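**Q** So I've got this file, work_33.txt, and it contains compact mmCIF, N, CA and C atoms:
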# COMPACT_ATOMS: atom_id res chain seq x y z
N MET A 1 -61.60 35.48 65.46
CA MET A 1 -60.71 34.56 66.12
C MET A 1 -59.33 34.69 65.48
N LEU A 2 -58.34 34.77 66.31
CA LEU A 2 -56.97 34.87 65.85
C LEU A 2 -56.39 33.48 65.73
N LYS A 3 -55.76 33.19 64.58
CA LYS A 3 -55.16 31.86 64.41
C LYS A 3 -53.86 31.97 63.64
N LEU A 4 -53.07 30.92 63.76
CA LEU A 4 -51.80 30.82 63.08
C LEU A 4 -52.03 30.13 61.75
N ASN A 5 -51.58 30.74 60.65
CA ASN A 5 -51.77 30.14 59.34
C ASN A 5 -50.41 30.03 58.64
N ILE A 6 -49.61 29.09 59.12
CA ILE A 6 -48.28 28.88 58.56
C ILE A 6 -48.34 28.32 57.14
N PRO A 7 -49.25 27.38 56.83
CA PRO A 7 -49.29 26.87 55.45
C PRO A 7 -49.48 27.96 54.41
N ARG A 8 -50.27 28.98 54.70
CA ARG A 8 -50.48 30.08 53.76
C ARG A 8 -49.15 30.78 53.47
N ALA A 9 -48.39 31.07 54.52
CA ALA A 9 -47.10 31.74 54.35
C ALA A 9 -46.13 30.87 53.55
N LEU A 10 -46.16 29.56 53.80
CA LEU A 10 -45.28 28.66 53.07
C LEU A 10 -45.64 28.60 51.58
N VAL A 11 -46.92 28.57 51.29
CA VAL A 11 -47.37 28.53 49.89
C VAL A 11 -46.96 29.82 49.18
N ILE A 12 -47.11 30.96 49.87
CA ILE A 12 -46.71 32.24 49.27
C ILE A 12 -45.22 32.21 48.92
N LYS A 13 -44.44 31.56 49.75
CA LYS A 13 -42.99 31.44 49.51
C LYS A 13 -42.67 30.37 48.47
N GLY A 14 -43.69 29.67 47.97
CA GLY A 14 -43.46 28.66 46.94
C GLY A 14 -43.13 27.29 47.50
N ILE A 15 -43.35 27.10 48.79
CA ILE A 15 -43.06 25.81 49.43
C ILE A 15 -44.34 24.99 49.44
N THR A 16 -44.34 23.87 48.75
CA THR A 16 -45.56 23.08 48.61
C THR A 16 -45.70 22.00 49.67
N SER A 17 -44.62 21.59 50.27
CA SER A 17 -44.67 20.55 51.30
C SER A 17 -44.48 21.19 52.67
N SER A 18 -45.56 21.76 53.21
CA SER A 18 -45.49 22.52 54.46
C SER A 18 -44.98 21.68 55.62
N PHE A 19 -45.54 20.48 55.79
CA PHE A 19 -45.15 19.63 56.90
C PHE A 19 -43.66 19.29 56.83
N THR A 20 -43.19 18.91 55.66
CA THR A 20 -41.79 18.58 55.47
C THR A 20 -40.90 19.78 55.77
N GLU A 21 -41.33 20.96 55.35
CA GLU A 21 -40.55 22.17 55.60
C GLU A 21 -40.46 22.47 57.09
N LEU A 22 -41.55 22.29 57.81
CA LEU A 22 -41.54 22.50 59.26
C LEU A 22 -40.59 21.52 59.94
N LYS A 23 -40.56 20.28 59.46
CA LYS A 23 -39.63 19.29 60.00
C LYS A 23 -38.19 19.72 59.69
N ARG A 24 -37.96 20.23 58.48
CA ARG A 24 -36.62 20.69 58.10
C ARG A 24 -36.17 21.84 59.00
N MET A 25 -37.11 22.65 59.46
CA MET A 25 -36.79 23.77 60.35
C MET A 25 -36.39 23.29 61.74
N GLY A 26 -36.60 22.00 61.99
CA GLY A 26 -36.18 21.46 63.28
C GLY A 26 -37.32 21.07 64.22
N PHE A 27 -38.55 21.20 63.77
CA PHE A 27 -39.68 20.84 64.62
C PHE A 27 -39.88 19.33 64.63
N LYS A 28 -40.14 18.80 65.81
CA LYS A 28 -40.42 17.37 65.94
C LYS A 28 -41.74 17.05 65.25
N HIS A 29 -41.96 15.77 64.95
CA HIS A 29 -43.11 15.32 64.18
C HIS A 29 -44.44 15.88 64.70
N ASN A 30 -44.71 15.71 65.99
CA ASN A 30 -46.00 16.16 66.56
C ASN A 30 -46.18 17.67 66.45
N LYS A 31 -45.13 18.41 66.81
CA LYS A 31 -45.25 19.87 66.77
C LYS A 31 -45.41 20.35 65.33
N ALA A 32 -44.66 19.76 64.41
CA ALA A 32 -44.78 20.13 62.99
C ALA A 32 -46.20 19.86 62.50
N PHE A 33 -46.78 18.74 62.93
CA PHE A 33 -48.14 18.40 62.53
C PHE A 33 -49.14 19.44 63.03
N TYR A 34 -49.03 19.81 64.31
CA TYR A 34 -49.97 20.79 64.87
C TYR A 34 -49.77 22.17 64.25
N LEU A 35 -48.54 22.55 63.98
CA LEU A 35 -48.29 23.83 63.32
C LEU A 35 -48.86 23.83 61.91
N PHE A 36 -48.66 22.71 61.20
CA PHE A 36 -49.17 22.57 59.84
C PHE A 36 -50.69 22.67 59.81
N LYS A 37 -51.35 22.05 60.77
CA LYS A 37 -52.81 22.07 60.82
C LYS A 37 -53.37 23.36 61.42
N GLY A 38 -52.51 24.16 62.03
CA GLY A 38 -52.99 25.39 62.67
C GLY A 38 -53.68 25.13 63.99
N ASN A 39 -53.46 23.95 64.56
CA ASN A 39 -54.13 23.56 65.80
C ASN A 39 -53.28 23.89 67.03
N VAL A 40 -52.80 25.10 67.12
CA VAL A 40 -52.01 25.49 68.29
C VAL A 40 -52.73 26.60 69.03
N GLN A 41 -52.80 26.45 70.34
CA GLN A 41 -53.38 27.50 71.18
C GLN A 41 -52.29 28.41 71.72
N ARG A 42 -51.09 27.85 71.86
CA ARG A 42 -49.95 28.60 72.37
C ARG A 42 -48.74 28.29 71.49
N LEU A 43 -47.90 29.29 71.34
CA LEU A 43 -46.68 29.08 70.57
C LEU A 43 -45.55 29.79 71.28
N ASP A 44 -44.50 29.06 71.54
CA ASP A 44 -43.32 29.62 72.18
C ASP A 44 -42.73 30.69 71.25
N LEU A 45 -42.30 31.80 71.82
CA LEU A 45 -41.73 32.88 71.00
C LEU A 45 -40.48 32.43 70.26
N TYR A 46 -39.73 31.51 70.84
CA TYR A 46 -38.57 30.98 70.15
C TYR A 46 -39.00 30.27 68.86
N ASP A 47 -40.05 29.45 68.96
CA ASP A 47 -40.54 28.74 67.77
C ASP A 47 -41.05 29.73 66.72
N LEU A 48 -41.73 30.76 67.18
CA LEU A 48 -42.21 31.79 66.25
C LEU A 48 -41.04 32.47 65.55
N GLU A 49 -40.00 32.74 66.31
CA GLU A 49 -38.82 33.38 65.71
C GLU A 49 -38.15 32.46 64.70
N VAL A 50 -38.07 31.15 65.00
CA VAL A 50 -37.47 30.20 64.06
C VAL A 50 -38.22 30.24 62.73
N ILE A 51 -39.53 30.19 62.80
CA ILE A 51 -40.35 30.21 61.57
C ILE A 51 -40.14 31.52 60.82
N CYS A 52 -40.16 32.64 61.54
CA CYS A 52 -39.99 33.94 60.89
C CYS A 52 -38.61 34.08 60.26
N ARG A 53 -37.59 33.58 60.92
CA ARG A 53 -36.22 33.65 60.37
C ARG A 53 -36.13 32.82 59.09
N GLU A 54 -36.67 31.61 59.14
CA GLU A 54 -36.61 30.71 57.98
C GLU A 54 -37.39 31.23 56.79
N LEU A 55 -38.53 31.88 57.05
CA LEU A 55 -39.39 32.36 55.95
C LEU A 55 -39.17 33.83 55.61
N ASN A 56 -38.25 34.49 56.34
CA ASN A 56 -38.01 35.91 56.13
C ASN A 56 -39.33 36.68 56.20
N CYS A 57 -40.02 36.53 57.34
CA CYS A 57 -41.32 37.17 57.52
C CYS A 57 -41.44 37.68 58.94
N THR A 58 -42.56 38.30 59.25
CA THR A 58 -42.85 38.76 60.60
C THR A 58 -43.99 37.92 61.17
N PRO A 59 -44.20 37.96 62.48
CA PRO A 59 -45.33 37.23 63.05
C PRO A 59 -46.67 37.63 62.42
N ASN A 60 -46.81 38.88 62.03
CA ASN A 60 -48.06 39.31 61.38
C ASN A 60 -48.33 38.56 60.08
N ASP A 61 -47.28 38.13 59.41
CA ASP A 61 -47.45 37.37 58.17
C ASP A 61 -48.01 35.98 58.43
N LEU A 62 -47.85 35.50 59.65
CA LEU A 62 -48.28 34.15 60.01
C LEU A 62 -49.64 34.13 60.70
N LEU A 63 -50.10 35.30 61.14
CA LEU A 63 -51.36 35.37 61.87
C LEU A 63 -52.50 35.76 60.94
N GLU A 64 -53.67 35.29 61.31
CA GLU A 64 -54.88 35.57 60.53
C GLU A 64 -56.02 35.80 61.51
N TRP A 65 -56.84 36.79 61.25
CA TRP A 65 -57.98 37.07 62.12
C TRP A 65 -59.26 36.95 61.31
N SER A 66 -60.25 36.32 61.91
CA SER A 66 -61.59 36.28 61.32
C SER A 66 -62.59 36.40 62.46
N PRO A 67 -63.73 37.01 62.21
CA PRO A 67 -64.70 37.20 63.29
C PRO A 67 -65.29 35.87 63.77
N TRP A 68 -65.65 35.82 65.03
CA TRP A 68 -66.35 34.67 65.58
C TRP A 68 -67.72 34.60 64.94
N LYS A 69 -68.40 33.47 65.05
CA LYS A 69 -69.73 33.30 64.43
C LYS A 69 -70.70 34.39 64.85
N HIS A 70 -70.72 34.71 66.12
CA HIS A 70 -71.69 35.69 66.63
C HIS A 70 -71.02 37.01 67.00
N ASP A 71 -69.92 37.29 66.34
CA ASP A 71 -69.17 38.51 66.60
C ASP A 71 -69.94 39.70 66.05
N ARG A 72 -69.96 40.77 66.80
CA ARG A 72 -70.63 41.99 66.32
C ARG A 72 -69.72 42.82 65.44
N GLY A 73 -68.50 42.33 65.23
CA GLY A 73 -67.58 43.01 64.33
C GLY A 73 -66.71 44.01 65.05
N LEU A 74 -65.81 44.59 64.31
CA LEU A 74 -64.90 45.59 64.86
C LEU A 74 -65.18 46.93 64.20
N GLU A 75 -64.79 47.97 64.90
CA GLU A 75 -64.93 49.32 64.34
C GLU A 75 -64.06 49.43 63.10
N PRO A 76 -64.51 50.14 62.08
CA PRO A 76 -63.67 50.35 60.89
C PRO A 76 -62.32 50.95 61.31
N GLY A 77 -61.26 50.43 60.74
CA GLY A 77 -59.92 50.93 61.04
C GLY A 77 -59.26 50.22 62.22
N HIS A 78 -59.97 49.28 62.86
CA HIS A 78 -59.37 48.55 63.98
C HIS A 78 -58.14 47.79 63.49
N ALA A 79 -57.09 47.76 64.31
CA ALA A 79 -55.82 47.14 63.92
C ALA A 79 -55.95 45.67 63.55
N LEU A 80 -56.84 44.93 64.19
CA LEU A 80 -56.99 43.50 63.87
C LEU A 80 -57.48 43.28 62.44
N LEU A 81 -58.16 44.25 61.88
CA LEU A 81 -58.66 44.10 60.51
C LEU A 81 -57.52 43.94 59.51
N SER A 82 -56.32 44.41 59.87
CA SER A 82 -55.18 44.24 58.96
C SER A 82 -54.76 42.78 58.87
N LEU A 83 -55.26 41.94 59.78
CA LEU A 83 -54.92 40.51 59.75
C LEU A 83 -55.99 39.67 59.07
N ARG A 84 -56.97 40.32 58.44
CA ARG A 84 -57.94 39.56 57.63
C ARG A 84 -57.20 39.17 56.37
N ARG A 85 -57.23 37.91 56.05
CA ARG A 85 -56.46 37.43 54.90
C ARG A 85 -57.36 37.00 53.77
N GLU A 86 -57.01 37.45 52.62
CA GLU A 86 -57.64 36.97 51.39
C GLU A 86 -56.68 35.96 50.79
N GLN A 87 -57.14 35.14 49.93
CA GLN A 87 -56.27 34.15 49.31
C GLN A 87 -55.52 34.69 48.11
N ALA A 88 -55.60 36.00 47.87
CA ALA A 88 -54.97 36.59 46.68
C ALA A 88 -53.48 36.28 46.59
N ALA A 89 -52.76 36.41 47.70
CA ALA A 89 -51.32 36.18 47.65
C ALA A 89 -51.02 34.72 47.32
N VAL A 90 -51.81 33.80 47.86
CA VAL A 90 -51.61 32.39 47.56
C VAL A 90 -51.91 32.13 46.09
N GLY A 91 -52.92 32.77 45.57
CA GLY A 91 -53.27 32.61 44.16
C GLY A 91 -52.22 33.15 43.23
N LEU A 92 -51.40 34.06 43.70
CA LEU A 92 -50.34 34.65 42.88
C LEU A 92 -49.40 33.58 42.35
N VAL A 93 -49.05 32.63 43.19
CA VAL A 93 -48.14 31.55 42.77
C VAL A 93 -48.75 30.81 41.58
N ASN A 94 -50.02 30.49 41.67
CA ASN A 94 -50.67 29.76 40.57
C ASN A 94 -50.84 30.62 39.33
N LEU A 95 -51.09 31.92 39.50
CA LEU A 95 -51.20 32.81 38.35
C LEU A 95 -49.89 32.87 37.57
N VAL A 96 -48.80 32.98 38.28
CA VAL A 96 -47.50 33.11 37.64
C VAL A 96 -47.13 31.83 36.88
N LYS A 97 -47.51 30.69 37.43
CA LYS A 97 -47.19 29.43 36.76
C LYS A 97 -47.77 29.36 35.35
N GLY A 98 -48.91 30.00 35.14
CA GLY A 98 -49.58 29.91 33.85
C GLY A 98 -49.16 30.97 32.83
N LEU A 99 -48.26 31.86 33.21
CA LEU A 99 -47.84 32.93 32.30
C LEU A 99 -46.83 32.43 31.28
N PRO A 100 -46.87 32.99 30.06
CA PRO A 100 -45.82 32.69 29.10
C PRO A 100 -44.49 33.28 29.57
N VAL A 101 -43.40 32.76 29.08
CA VAL A 101 -42.06 33.15 29.54
C VAL A 101 -41.83 34.65 29.43
N GLU A 102 -42.21 35.26 28.32
CA GLU A 102 -41.92 36.71 28.17
C GLU A 102 -42.67 37.54 29.21
N ARG A 103 -43.85 37.09 29.61
CA ARG A 103 -44.61 37.80 30.65
C ARG A 103 -43.96 37.57 32.02
N MET A 104 -43.40 36.38 32.21
CA MET A 104 -42.71 36.07 33.46
C MET A 104 -41.51 37.00 33.63
N GLU A 105 -40.85 37.32 32.52
CA GLU A 105 -39.71 38.24 32.59
C GLU A 105 -40.16 39.62 33.05
N GLU A 106 -41.33 40.06 32.60
CA GLU A 106 -41.87 41.35 33.05
C GLU A 106 -42.13 41.34 34.55
N ILE A 107 -42.74 40.26 35.01
CA ILE A 107 -43.03 40.11 36.43
C ILE A 107 -41.73 40.08 37.23
N GLU A 108 -40.74 39.38 36.72
CA GLU A 108 -39.46 39.30 37.40
C GLU A 108 -38.84 40.69 37.54
N LYS A 109 -38.89 41.50 36.48
CA LYS A 109 -38.34 42.86 36.54
C LYS A 109 -39.08 43.70 37.58
N MET A 110 -40.41 43.57 37.64
CA MET A 110 -41.19 44.31 38.64
C MET A 110 -40.80 43.90 40.05
N ILE A 111 -40.61 42.63 40.25
CA ILE A 111 -40.23 42.14 41.58
C ILE A 111 -38.86 42.65 41.96
N TYR A 112 -37.92 42.64 41.02
CA TYR A 112 -36.59 43.17 41.32
C TYR A 112 -36.66 44.65 41.66
N GLU A 113 -37.52 45.40 41.01
CA GLU A 113 -37.68 46.82 41.33
C GLU A 113 -38.20 47.00 42.76
N ILE A 114 -39.13 46.16 43.15
CA ILE A 114 -39.66 46.22 44.51
C ILE A 114 -38.58 45.89 45.52
N ILE A 115 -37.78 44.87 45.21
CA ILE A 115 -36.72 44.43 46.13
C ILE A 115 -35.64 45.52 46.26
N LYS A 116 -35.33 46.21 45.16
CA LYS A 116 -34.27 47.23 45.16
C LYS A 116 -34.63 48.45 45.99
N LYS A 117 -35.93 48.76 46.10
CA LYS A 117 -36.34 49.96 46.83
C LYS A 117 -35.97 49.80 48.29
N PRO A 118 -35.36 50.86 48.86
CA PRO A 118 -34.98 50.76 50.29
C PRO A 118 -36.21 50.65 51.17
N SER A 119 -36.08 49.83 52.19
CA SER A 119 -37.18 49.64 53.14
C SER A 119 -37.36 50.89 53.97
N THR A 120 -38.62 51.19 54.31
CA THR A 120 -38.89 52.35 55.16
C THR A 120 -38.91 51.95 56.63
N ALA A 121 -38.81 50.64 56.90
CA ALA A 121 -38.82 50.16 58.29
C ALA A 121 -37.48 50.48 58.94
N SER A 122 -37.53 50.86 60.20
CA SER A 122 -36.28 51.13 60.92
C SER A 122 -35.75 49.86 61.55
N PRO A 123 -34.44 49.73 61.70
CA PRO A 123 -33.84 48.51 62.24
C PRO A 123 -34.16 48.27 63.70
Starting from the file, lay out its structure as structure tokens.
**A**
Amino acid sequence: MLKLNIPRALVIKGITSSFTELKRMGFKHNKAFYLFKGNVQRLDLYDLEVICRELNCTPNDLLEWSPWKHDRGLEPGHALLSLRREQAAVGLVNLVKGLPVERMEEIEKMIYEIIKKPSTASP
């Protein structure tokens, strides 16, 4: 089943108050609530773009796929398998919080190296 998982993306970005952040993005109370809970069956492309612009992400970063209860599965290498999400990225925020300062500096240098590398994506 394909679903929208905005709270996961917000946590990865270090935003702990997902609902408040969605309201800050301009979503009305009800829509922010449904987006926060992941209870949306349809999403306007404009709204998707607003979220992606604010979080500096792509729609793929917000989507998550998991098999249905009685799903026979997908063939190995199927494109939807790239949307299976582990909680590893979310756990990264908590891992970093527990590091001593000197180790945080190492992590910071690694992140800057990743950021400095030119993107291979075309405009």
**Q** Could the centre and edge lengths of an axis-aligned box, enclosing all atoms of region 9-24 of chain A in the file with 6 Å extra on each side, be given in Å to one decimal as JSON?
**A**
{"center_x": -42.3, "center_y": 25.4, "center_z": 53.5, "size_x": 24.2, "size_y": 25.7, "size_z": 25.1}
**Q** Figure out the distance between CA of Pro7 (chain A) and CA of Glu49 (chain A), please, to one decimal in Å.
**A** 16.0 Å
**Q** Neighbours of Ile6 (chain A) within 6.5 Å (all atoms listed in the file; same-chain residues fewer than 5 positions away dropped), as a PDB file with N, CA and C atoms, in the frame of the given file?
**A**
ATOM      1  N   VAL A  11     -46.920  28.570  51.290  1.00  0.00           N
ATOM      2  CA  VAL A  11     -47.370  28.530  49.890  1.00  0.00           C
ATOM      3  C   VAL A  11     -46.960  29.820  49.180  1.00  0.00           C
ATOM      4  N   LEU A  35     -48.540  22.550  63.980  1.00  0.00           N
ATOM      5  CA  LEU A  35     -48.290  23.830  63.320  1.00  0.00           C
ATOM      6  C   LEU A  35     -48.860  23.830  61.910  1.00  0.00           C
ATOM      7  N   PHE A  36     -48.660  22.710  61.200  1.00  0.00           N
ATOM      8  CA  PHE A  36     -49.170  22.570  59.840  1.00  0.00           C
ATOM      9  C   PHE A  36     -50.690  22.670  59.810  1.00  0.00           C
ATOM     10  N   GLY A  38     -52.510  24.160  62.030  1.00  0.00           N
ATOM     11  CA  GLY A  38     -52.990  25.390  62.670  1.00  0.00           C
ATOM     12  C   GLY A  38     -53.680  25.130  63.990  1.00  0.00           C
ATOM     13  N   LEU A  62     -47.850  35.500  59.650  1.00  0.00           N
ATOM     14  CA  LEU A  62     -48.280  34.150  60.010  1.00  0.00           C
ATOM     15  C   LEU A  62     -49.640  34.130  60.700  1.00  0.00           C
TER      16      LEU A  62
END
**Q** Can you tell me how far CA of Ile114 (chain A) sits from atom C of Met25 (chain A), in Å to one decimal?
**A** 28.9 Å
**Q** Rounded to one decimal in Å, what is the spacing between atom C of Lys28 (chain A) and atom N of Ala9 (chain A)?
**A**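 Taking atom C of Lys28 (chain A) as the start and atom N of Ala9 (chain A) as the end point, the length is 18.9 Å.
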**Q** Which of chain A counts as helix (DSSP H, G or I) under DSSP, as a PyMOL selection string please?
**A** chain A and resi 6-12+18-24+29-37+45-55+59-62+79-83+88-97+101-116
**Q** For Met1 (chain A), work out the shell of residues within 6.5 Å, counting all atoms listed in the file and skipping chain neighbours fewer than 5 positions away, then give it as a tab-separated table (two decimals) with N, CA and C atoms, in the frame of the given file.
**A**
chain	number	residue	atom	x	y	z
A	64	GLU	N	-53.67	35.29	61.31
A	64	GLU	CA	-54.88	35.57	60.53
A	64	GLU	C	-56.02	35.80	61.51
A	65	TRP	N	-56.84	36.79	61.25
A	65	TRP	CA	-57.98	37.07	62.12
A	65	TRP	C	-59.26	36.95	61.31
A	66	SER	N	-60.25	36.32	61.91
A	66	SER	CA	-61.59	36.28	61.32
A	66	SER	C	-62.59	36.40	62.46
A	67	PRO	N	-63.73	37.01	62.21
A	67	PRO	CA	-64.70	37.20	63.29
A	67	PRO	C	-65.29	35.87	63.77
A	68	TRP	N	-65.65	35.82	65.03
A	68	TRP	CA	-66.35	34.67	65.58
A	68	TRP	C	-67.72	34.60	64.94
